[in-house]
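Raw contents of input.txt, compact mmCIF, N, CA and C atoms:
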# COMPACT_ATOMS: atom_id res chain seq x y z
N MET J 1 6.41 56.53 58.53
CA MET J 1 5.51 55.41 58.34
C MET J 1 5.08 55.29 56.88
N LYS J 2 4.90 56.45 56.23
CA LYS J 2 4.49 56.45 54.84
C LYS J 2 5.57 55.82 53.95
N ARG J 3 6.85 56.12 54.26
CA ARG J 3 7.96 55.52 53.49
C ARG J 3 7.98 54.02 53.64
N ARG J 4 7.69 53.57 54.83
CA ARG J 4 7.70 52.11 55.06
C ARG J 4 6.64 51.42 54.21
N LYS J 5 5.47 52.00 54.10
CA LYS J 5 4.39 51.44 53.28
C LYS J 5 4.81 51.40 51.81
N ILE J 6 5.50 52.46 51.39
CA ILE J 6 5.96 52.50 49.99
C ILE J 6 6.97 51.38 49.74
N TRP J 7 7.93 51.20 50.65
CA TRP J 7 8.93 50.13 50.49
C TRP J 7 8.29 48.75 50.52
N VAL J 8 7.33 48.57 51.40
CA VAL J 8 6.64 47.28 51.47
C VAL J 8 5.88 47.03 50.17
N SER J 9 5.24 48.05 49.63
CA SER J 9 4.52 47.91 48.36
C SER J 9 5.47 47.57 47.22
N ILE J 10 6.64 48.24 47.23
CA ILE J 10 7.64 47.96 46.18
C ILE J 10 8.13 46.53 46.31
N LEU J 11 8.44 46.09 47.51
CA LEU J 11 8.92 44.72 47.72
C LEU J 11 7.85 43.70 47.33
N LEU J 12 6.60 43.94 47.69
CA LEU J 12 5.53 43.03 47.30
C LEU J 12 5.38 42.98 45.79
N GLY J 13 5.51 44.12 45.13
CA GLY J 13 5.43 44.16 43.67
C GLY J 13 6.57 43.37 43.03
N LEU J 14 7.77 43.55 43.57
CA LEU J 14 8.91 42.79 43.04
C LEU J 14 8.74 41.30 43.25
N CYS J 15 8.24 40.92 44.42
CA CYS J 15 7.99 39.49 44.69
C CYS J 15 6.95 38.94 43.72
N ALA J 16 5.90 39.72 43.47
CA ALA J 16 4.86 39.28 42.53
C ALA J 16 5.44 39.11 41.13
N CYS J 17 6.29 40.05 40.71
CA CYS J 17 6.93 39.93 39.39
C CYS J 17 7.82 38.70 39.32
N PHE J 18 8.59 38.48 40.37
CA PHE J 18 9.48 37.33 40.41
C PHE J 18 8.69 36.03 40.36
N MET J 19 7.62 35.94 41.14
CA MET J 19 6.82 34.71 41.18
C MET J 19 6.14 34.46 39.84
N SER J 20 5.63 35.51 39.19
CA SER J 20 4.98 35.30 37.90
C SER J 20 6.01 34.88 36.85
N THR J 21 7.22 35.43 36.93
CA THR J 21 8.28 35.03 36.01
C THR J 21 8.63 33.57 36.21
N MET J 22 8.74 33.14 37.45
CA MET J 22 9.04 31.74 37.74
C MET J 22 7.94 30.83 37.25
N PHE J 23 6.69 31.27 37.35
CA PHE J 23 5.56 30.47 36.87
C PHE J 23 5.66 30.26 35.37
N PHE J 24 5.95 31.34 34.62
CA PHE J 24 6.02 31.22 33.17
C PHE J 24 7.23 30.42 32.73
N VAL J 25 8.33 30.51 33.44
CA VAL J 25 9.51 29.69 33.11
C VAL J 25 9.19 28.23 33.37
N ALA J 26 8.51 27.93 34.46
CA ALA J 26 8.14 26.54 34.76
C ALA J 26 7.17 26.00 33.73
N CYS J 27 6.33 26.85 33.16
CA CYS J 27 5.33 26.41 32.19
C CYS J 27 5.87 26.40 30.76
N GLU J 28 7.13 26.76 30.60
CA GLU J 28 7.71 26.84 29.26
C GLU J 28 7.62 25.50 28.53
N ASP J 29 7.70 24.38 29.25
CA ASP J 29 7.64 23.07 28.61
C ASP J 29 6.32 22.85 27.88
N PHE J 30 5.27 23.52 28.30
CA PHE J 30 3.97 23.33 27.66
C PHE J 30 3.93 23.94 26.27
N THR J 31 4.82 24.87 25.99
CA THR J 31 4.83 25.50 24.68
C THR J 31 5.86 24.88 23.74
N HIS J 32 6.66 23.95 24.24
CA HIS J 32 7.71 23.31 23.43
C HIS J 32 7.09 22.29 22.49
N THR J 33 7.47 22.35 21.22
CA THR J 33 7.06 21.35 20.25
C THR J 33 8.21 20.38 20.08
N HIS J 34 7.97 19.11 20.41
CA HIS J 34 9.03 18.11 20.32
C HIS J 34 9.34 17.80 18.87
N THR J 35 10.61 17.68 18.58
CA THR J 35 11.08 17.24 17.27
C THR J 35 11.96 16.03 17.54
N TYR J 36 11.45 14.85 17.19
CA TYR J 36 12.13 13.60 17.54
C TYR J 36 12.96 13.07 16.38
N THR J 37 14.08 12.44 16.74
CA THR J 37 14.84 11.64 15.79
C THR J 37 14.70 10.20 16.27
N ALA J 38 14.70 9.27 15.34
CA ALA J 38 14.48 7.86 15.67
C ALA J 38 15.75 7.06 15.47
N GLN J 39 15.99 6.14 16.39
CA GLN J 39 17.08 5.19 16.27
C GLN J 39 16.45 3.80 16.37
N THR J 40 16.71 2.96 15.37
CA THR J 40 16.01 1.68 15.26
C THR J 40 16.95 0.50 15.43
N ILE J 41 16.50 -0.47 16.23
CA ILE J 41 17.12 -1.79 16.29
C ILE J 41 16.10 -2.71 15.63
N ASN J 42 16.42 -3.22 14.45
CA ASN J 42 15.47 -4.01 13.67
C ASN J 42 15.09 -5.31 14.35
N ALA J 43 13.84 -5.71 14.15
CA ALA J 43 13.37 -7.00 14.65
C ALA J 43 13.92 -8.11 13.76
N THR J 44 14.09 -9.28 14.34
CA THR J 44 14.49 -10.46 13.57
C THR J 44 13.37 -11.48 13.65
N CYS J 45 13.64 -12.66 13.18
CA CYS J 45 12.63 -13.72 13.20
C CYS J 45 12.24 -14.09 14.63
N GLY J 46 13.20 -14.10 15.53
CA GLY J 46 12.93 -14.55 16.88
C GLY J 46 13.05 -13.49 17.96
N GLU J 47 13.52 -12.28 17.62
CA GLU J 47 13.72 -11.24 18.63
C GLU J 47 13.03 -9.95 18.21
N LYS J 48 12.40 -9.31 19.19
CA LYS J 48 11.73 -8.05 18.89
C LYS J 48 12.75 -6.94 18.66
N GLY J 49 12.34 -5.92 17.95
CA GLY J 49 13.17 -4.76 17.71
C GLY J 49 12.72 -3.61 18.59
N LEU J 50 13.37 -2.47 18.44
CA LEU J 50 13.06 -1.33 19.29
C LEU J 50 13.35 -0.04 18.52
N ILE J 51 12.43 0.92 18.62
CA ILE J 51 12.66 2.25 18.08
C ILE J 51 12.72 3.21 19.27
N THR J 52 13.80 3.96 19.37
CA THR J 52 13.93 4.96 20.42
C THR J 52 13.83 6.34 19.78
N PHE J 53 12.87 7.13 20.25
CA PHE J 53 12.66 8.49 19.76
C PHE J 53 13.25 9.46 20.78
N THR J 54 14.08 10.39 20.32
CA THR J 54 14.74 11.35 21.21
C THR J 54 14.55 12.77 20.67
N CYS J 55 14.13 13.68 21.57
CA CYS J 55 13.98 15.09 21.23
C CYS J 55 15.24 15.83 21.70
N ASP J 56 15.51 16.96 21.09
CA ASP J 56 16.66 17.79 21.49
C ASP J 56 16.58 18.21 22.95
N CYS J 57 15.35 18.31 23.49
CA CYS J 57 15.20 18.75 24.88
C CYS J 57 15.53 17.63 25.87
N GLY J 58 15.75 16.40 25.36
CA GLY J 58 16.10 15.28 26.24
C GLY J 58 14.96 14.31 26.47
N ASN J 59 13.75 14.65 26.04
CA ASN J 59 12.61 13.75 26.21
C ASN J 59 12.77 12.55 25.26
N THR J 60 12.54 11.34 25.77
CA THR J 60 12.63 10.13 24.95
C THR J 60 11.46 9.21 25.23
N TYR J 61 11.14 8.40 24.24
CA TYR J 61 10.20 7.30 24.44
C TYR J 61 10.57 6.20 23.45
N THR J 62 10.12 4.97 23.74
CA THR J 62 10.46 3.83 22.89
C THR J 62 9.20 3.10 22.45
N GLU J 63 9.30 2.43 21.32
CA GLU J 63 8.24 1.56 20.81
C GLU J 63 8.87 0.24 20.40
N GLU J 64 8.19 -0.85 20.73
CA GLU J 64 8.68 -2.17 20.34
C GLU J 64 8.23 -2.52 18.93
N ILE J 65 9.09 -3.23 18.24
CA ILE J 65 8.76 -3.79 16.93
C ILE J 65 8.65 -5.30 17.15
N PRO J 66 7.49 -5.88 16.87
CA PRO J 66 7.35 -7.32 17.14
C PRO J 66 8.29 -8.15 16.25
N ALA J 67 8.71 -9.30 16.79
CA ALA J 67 9.52 -10.24 16.00
C ALA J 67 8.69 -10.70 14.81
N THR J 68 9.35 -10.94 13.70
CA THR J 68 8.62 -11.32 12.48
C THR J 68 8.00 -12.71 12.61
N GLY J 69 8.64 -13.60 13.37
CA GLY J 69 8.07 -14.93 13.59
C GLY J 69 8.28 -15.91 12.45
N GLU J 70 8.77 -15.46 11.32
CA GLU J 70 8.98 -16.35 10.17
C GLU J 70 10.36 -16.11 9.57
N HIS J 71 10.99 -17.18 9.17
CA HIS J 71 12.26 -17.05 8.45
C HIS J 71 11.97 -16.83 6.97
N LEU J 72 12.75 -15.99 6.36
CA LEU J 72 12.68 -15.78 4.91
C LEU J 72 14.01 -16.27 4.35
N TRP J 73 13.97 -17.43 3.75
CA TRP J 73 15.20 -18.09 3.29
C TRP J 73 15.64 -17.56 1.94
N ASP J 74 16.95 -17.40 1.77
CA ASP J 74 17.49 -17.04 0.47
C ASP J 74 17.56 -18.29 -0.41
N GLU J 75 18.04 -18.14 -1.61
CA GLU J 75 18.10 -19.28 -2.53
C GLU J 75 19.24 -20.22 -2.19
N GLY J 76 20.12 -19.80 -1.34
CA GLY J 76 21.21 -20.66 -0.90
C GLY J 76 22.39 -20.64 -1.83
N LYS J 77 23.50 -21.16 -1.30
CA LYS J 77 24.71 -21.29 -2.12
C LYS J 77 25.30 -22.66 -1.87
N VAL J 78 25.91 -23.19 -2.88
CA VAL J 78 26.52 -24.51 -2.78
C VAL J 78 27.81 -24.36 -2.02
N THR J 79 27.90 -25.08 -0.89
CA THR J 79 29.12 -25.03 -0.09
C THR J 79 29.99 -26.26 -0.33
N THR J 80 29.38 -27.34 -0.79
CA THR J 80 30.14 -28.54 -1.16
C THR J 80 29.54 -29.07 -2.47
N GLU J 81 30.36 -29.15 -3.48
CA GLU J 81 29.90 -29.65 -4.78
C GLU J 81 29.59 -31.15 -4.67
N PRO J 82 28.54 -31.61 -5.32
CA PRO J 82 28.25 -33.05 -5.29
C PRO J 82 29.28 -33.82 -6.13
N THR J 83 29.52 -35.04 -5.73
CA THR J 83 30.38 -35.96 -6.49
C THR J 83 29.57 -37.20 -6.76
N CYS J 84 30.20 -38.15 -7.49
CA CYS J 84 29.51 -39.41 -7.76
C CYS J 84 29.22 -40.17 -6.46
N ALA J 85 30.12 -40.05 -5.48
CA ALA J 85 29.98 -40.82 -4.25
C ALA J 85 29.22 -40.07 -3.16
N ASN J 86 29.24 -38.74 -3.16
CA ASN J 86 28.64 -37.96 -2.06
C ASN J 86 27.70 -36.89 -2.59
N ALA J 87 26.66 -36.66 -1.83
CA ALA J 87 25.73 -35.59 -2.17
C ALA J 87 26.40 -34.24 -1.86
N GLY J 88 26.01 -33.25 -2.56
CA GLY J 88 26.55 -31.92 -2.29
C GLY J 88 25.82 -31.27 -1.12
N VAL J 89 26.31 -30.14 -0.72
CA VAL J 89 25.69 -29.40 0.38
C VAL J 89 25.37 -28.00 -0.11
N LYS J 90 24.14 -27.59 0.12
CA LYS J 90 23.70 -26.25 -0.22
C LYS J 90 23.30 -25.56 1.09
N THR J 91 23.85 -24.40 1.36
CA THR J 91 23.56 -23.69 2.60
C THR J 91 22.59 -22.55 2.31
N VAL J 92 21.50 -22.52 3.08
CA VAL J 92 20.54 -21.43 2.96
C VAL J 92 20.60 -20.59 4.24
N THR J 93 20.32 -19.33 4.08
CA THR J 93 20.40 -18.39 5.21
C THR J 93 19.12 -17.57 5.26
N CYS J 94 18.65 -17.32 6.45
CA CYS J 94 17.48 -16.44 6.63
C CYS J 94 17.91 -15.01 6.33
N THR J 95 17.20 -14.35 5.45
CA THR J 95 17.55 -12.98 5.08
C THR J 95 17.19 -11.97 6.17
N VAL J 96 16.37 -12.37 7.13
CA VAL J 96 16.01 -11.47 8.23
C VAL J 96 17.00 -11.62 9.38
N CYS J 97 17.34 -12.84 9.74
CA CYS J 97 18.23 -13.10 10.87
C CYS J 97 19.68 -12.74 10.57
N GLU J 98 20.14 -13.11 9.43
CA GLU J 98 21.54 -13.01 9.02
C GLU J 98 22.39 -12.81 10.20
Please express the file's structure as structure tokens.
Amino acid sequence: MKRRKIWVSILLGLCACFMSTMFFVACEDFTHTHTYTAQTINATCGEKGLITFTCDCGNTYTEEIPATGEHLWDEGKVTTEPTCANAGVKTVTCTVCE
């Protein structure tokens, strides 16, 4: 009977060690310091952008970049030279939308 009590005590001790080890492994995420890299989709005049942050551990989150709402026009380039009979054409492009 004494041997049985010893074996039961040993088994209970091993179970306690195993359970505490599992607890600390499960809590390991609480000690992890995230190191994020960012991937950006730039906002345009009419469309919002997006920044995706990703950690090596697989955790991710995103943030929206609001649309700028305004076009920023370049100085333009002449696409058709003017003549005596016809006006020329100058094409301007938004530097944000491109």
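Take the candidates J:Asn86, J:Thr68, J:Thr95, J:Thr40 and check each one against Phe53 in chain J using only N, CA and C atoms; the shortest distance goes to J:Thr40.
If you look at CA of Tyr61 in chain J and CA of Val96 in chain J, they are 25.5 Å away from each other.
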Which one is closest to Asp56 in chain J: J:Thr35, J:Asp74, J:Val92, J:Cys84? Count only C-alpha atoms.
-> J:Thr35
In Å, with one decimal, what is the gap from CA of Tyr36 in chain J to CA of Gly49 in chain J?
->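 Straight-line distance from CA of Tyr36 in chain J to CA of Gly49 in chain J works out to 18.4 Å.
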Nearest to His34 in chain J by atom-to-atom distance, counting all atoms listed in the file, from J:Ala85, J:Ile65, J:Ile51, J:Cys57 =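 Nearest candidate to His34 in chain J out of J:Ala85, J:Ile65, J:Ile51, J:Cys57: J:Cys57.
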Give me the box for range 41-45 of chain J as AutoDock Vina command-line options, namely the centre and edge lengths in Å to one decimal of a box along x, y and z that holds every listed atom plus 6 Å on each side.
--center_x 14.7 --center_y -7.3 --center_z 14.7 --size_x 16.9 --size_y 25.6 --size_z 15.1
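Residues with any atom within 6 Å of Thr37 in chain J, counting all atoms listed in the file and excluding same-chain neighbours fewer than 3 positions away, are Thr52, Phe53, Thr54 and Cys55 of chain J.
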If you measure from CA of Lys90 in chain J to CA of Leu72 in chain J, what distance in Å do you get, rounded to one decimal?
->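 Interatomic distance, CA of Lys90 in chain J to CA of Leu72 in chain J: 16.0 Å.
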Please, could all heavy atoms be added to range 72-83 of chain J and the result written as a short mmCIF file (atom, residue, chain, number, x, y, z; two decimals), in the coordinates of the input?
data_model
loop_
_atom_site.label_atom_id
_atom_site.label_comp_id
_atom_site.auth_asym_id
_atom_site.auth_seq_id
_atom_site.Cartn_x
_atom_site.Cartn_y
_atom_site.Cartn_z
N LEU J 72 12.75 -15.99 6.36
CA LEU J 72 12.68 -15.78 4.91
C LEU J 72 14.01 -16.27 4.35
O LEU J 72 15.04 -15.61 4.48
CB LEU J 72 12.47 -14.29 4.59
CG LEU J 72 11.18 -13.67 5.12
CD1 LEU J 72 11.17 -12.17 4.87
CD2 LEU J 72 9.98 -14.32 4.46
N TRP J 73 13.97 -17.43 3.75
CA TRP J 73 15.20 -18.09 3.29
C TRP J 73 15.64 -17.56 1.94
O TRP J 73 14.83 -17.29 1.06
CB TRP J 73 14.99 -19.60 3.20
CG TRP J 73 14.56 -20.21 4.50
CD1 TRP J 73 13.33 -20.68 4.82
CD2 TRP J 73 15.37 -20.38 5.67
NE1 TRP J 73 13.32 -21.14 6.11
CE2 TRP J 73 14.56 -20.97 6.66
CE3 TRP J 73 16.69 -20.10 5.98
CZ2 TRP J 73 15.03 -21.28 7.93
CZ3 TRP J 73 17.17 -20.40 7.24
CH2 TRP J 73 16.34 -20.99 8.20
N ASP J 74 16.95 -17.40 1.77
CA ASP J 74 17.49 -17.04 0.47
C ASP J 74 17.56 -18.29 -0.41
O ASP J 74 17.17 -19.38 0.02
CB ASP J 74 18.86 -16.36 0.59
CG ASP J 74 19.94 -17.26 1.17
OD1 ASP J 74 19.72 -18.48 1.32
OD2 ASP J 74 21.03 -16.75 1.49
N GLU J 75 18.04 -18.14 -1.61
CA GLU J 75 18.10 -19.28 -2.53
C GLU J 75 19.24 -20.22 -2.19
O GLU J 75 19.32 -21.32 -2.72
CB GLU J 75 18.22 -18.79 -3.97
CG GLU J 75 16.97 -18.07 -4.43
CD GLU J 75 17.07 -17.65 -5.88
OE1 GLU J 75 17.82 -18.26 -6.66
OE2 GLU J 75 16.38 -16.68 -6.22
N GLY J 76 20.12 -19.80 -1.34
CA GLY J 76 21.21 -20.66 -0.90
C GLY J 76 22.39 -20.64 -1.83
O GLY J 76 22.33 -20.18 -2.95
N LYS J 77 23.50 -21.16 -1.30
CA LYS J 77 24.71 -21.29 -2.12
C LYS J 77 25.30 -22.66 -1.87
O LYS J 77 25.19 -23.24 -0.78
CB LYS J 77 25.72 -20.18 -1.80
CG LYS J 77 26.22 -20.18 -0.38
CD LYS J 77 27.20 -19.05 -0.16
CE LYS J 77 27.68 -19.08 1.29
NZ LYS J 77 28.64 -18.08 1.58
N VAL J 78 25.91 -23.19 -2.88
CA VAL J 78 26.52 -24.51 -2.78
C VAL J 78 27.81 -24.36 -2.02
O VAL J 78 28.71 -23.62 -2.41
CB VAL J 78 26.76 -25.13 -4.18
CG1 VAL J 78 27.47 -26.46 -4.06
CG2 VAL J 78 25.44 -25.28 -4.92
N THR J 79 27.90 -25.08 -0.89
CA THR J 79 29.12 -25.03 -0.09
C THR J 79 29.99 -26.26 -0.33
O THR J 79 31.19 -26.22 -0.09
CB THR J 79 28.81 -24.89 1.41
OG1 THR J 79 27.89 -25.91 1.79
CG2 THR J 79 28.21 -23.53 1.72
N THR J 80 29.38 -27.34 -0.79
CA THR J 80 30.14 -28.54 -1.16
C THR J 80 29.54 -29.07 -2.47
O THR J 80 28.34 -29.38 -2.53
CB THR J 80 30.04 -29.64 -0.08
OG1 THR J 80 30.47 -29.10 1.17
CG2 THR J 80 30.90 -30.84 -0.44
N GLU J 81 30.36 -29.15 -3.48
CA GLU J 81 29.90 -29.65 -4.78
C GLU J 81 29.59 -31.15 -4.67
O GLU J 81 30.31 -31.89 -3.99
CB GLU J 81 30.96 -29.42 -5.85
CG GLU J 81 31.19 -27.97 -6.19
CD GLU J 81 30.02 -27.34 -6.95
OE1 GLU J 81 29.26 -28.07 -7.63
OE2 GLU J 81 29.86 -26.11 -6.82
N PRO J 82 28.54 -31.61 -5.32
CA PRO J 82 28.25 -33.05 -5.29
C PRO J 82 29.28 -33.82 -6.13
O PRO J 82 29.83 -33.31 -7.09
CB PRO J 82 26.87 -33.14 -5.90
CG PRO J 82 26.71 -31.92 -6.73
CD PRO J 82 27.57 -30.87 -6.08
N THR J 83 29.52 -35.04 -5.73
CA THR J 83 30.38 -35.96 -6.49
C THR J 83 29.57 -37.20 -6.76
O THR J 83 28.44 -37.34 -6.31
CB THR J 83 31.65 -36.31 -5.69
OG1 THR J 83 31.27 -37.02 -4.51
CG2 THR J 83 32.45 -35.07 -5.34
#
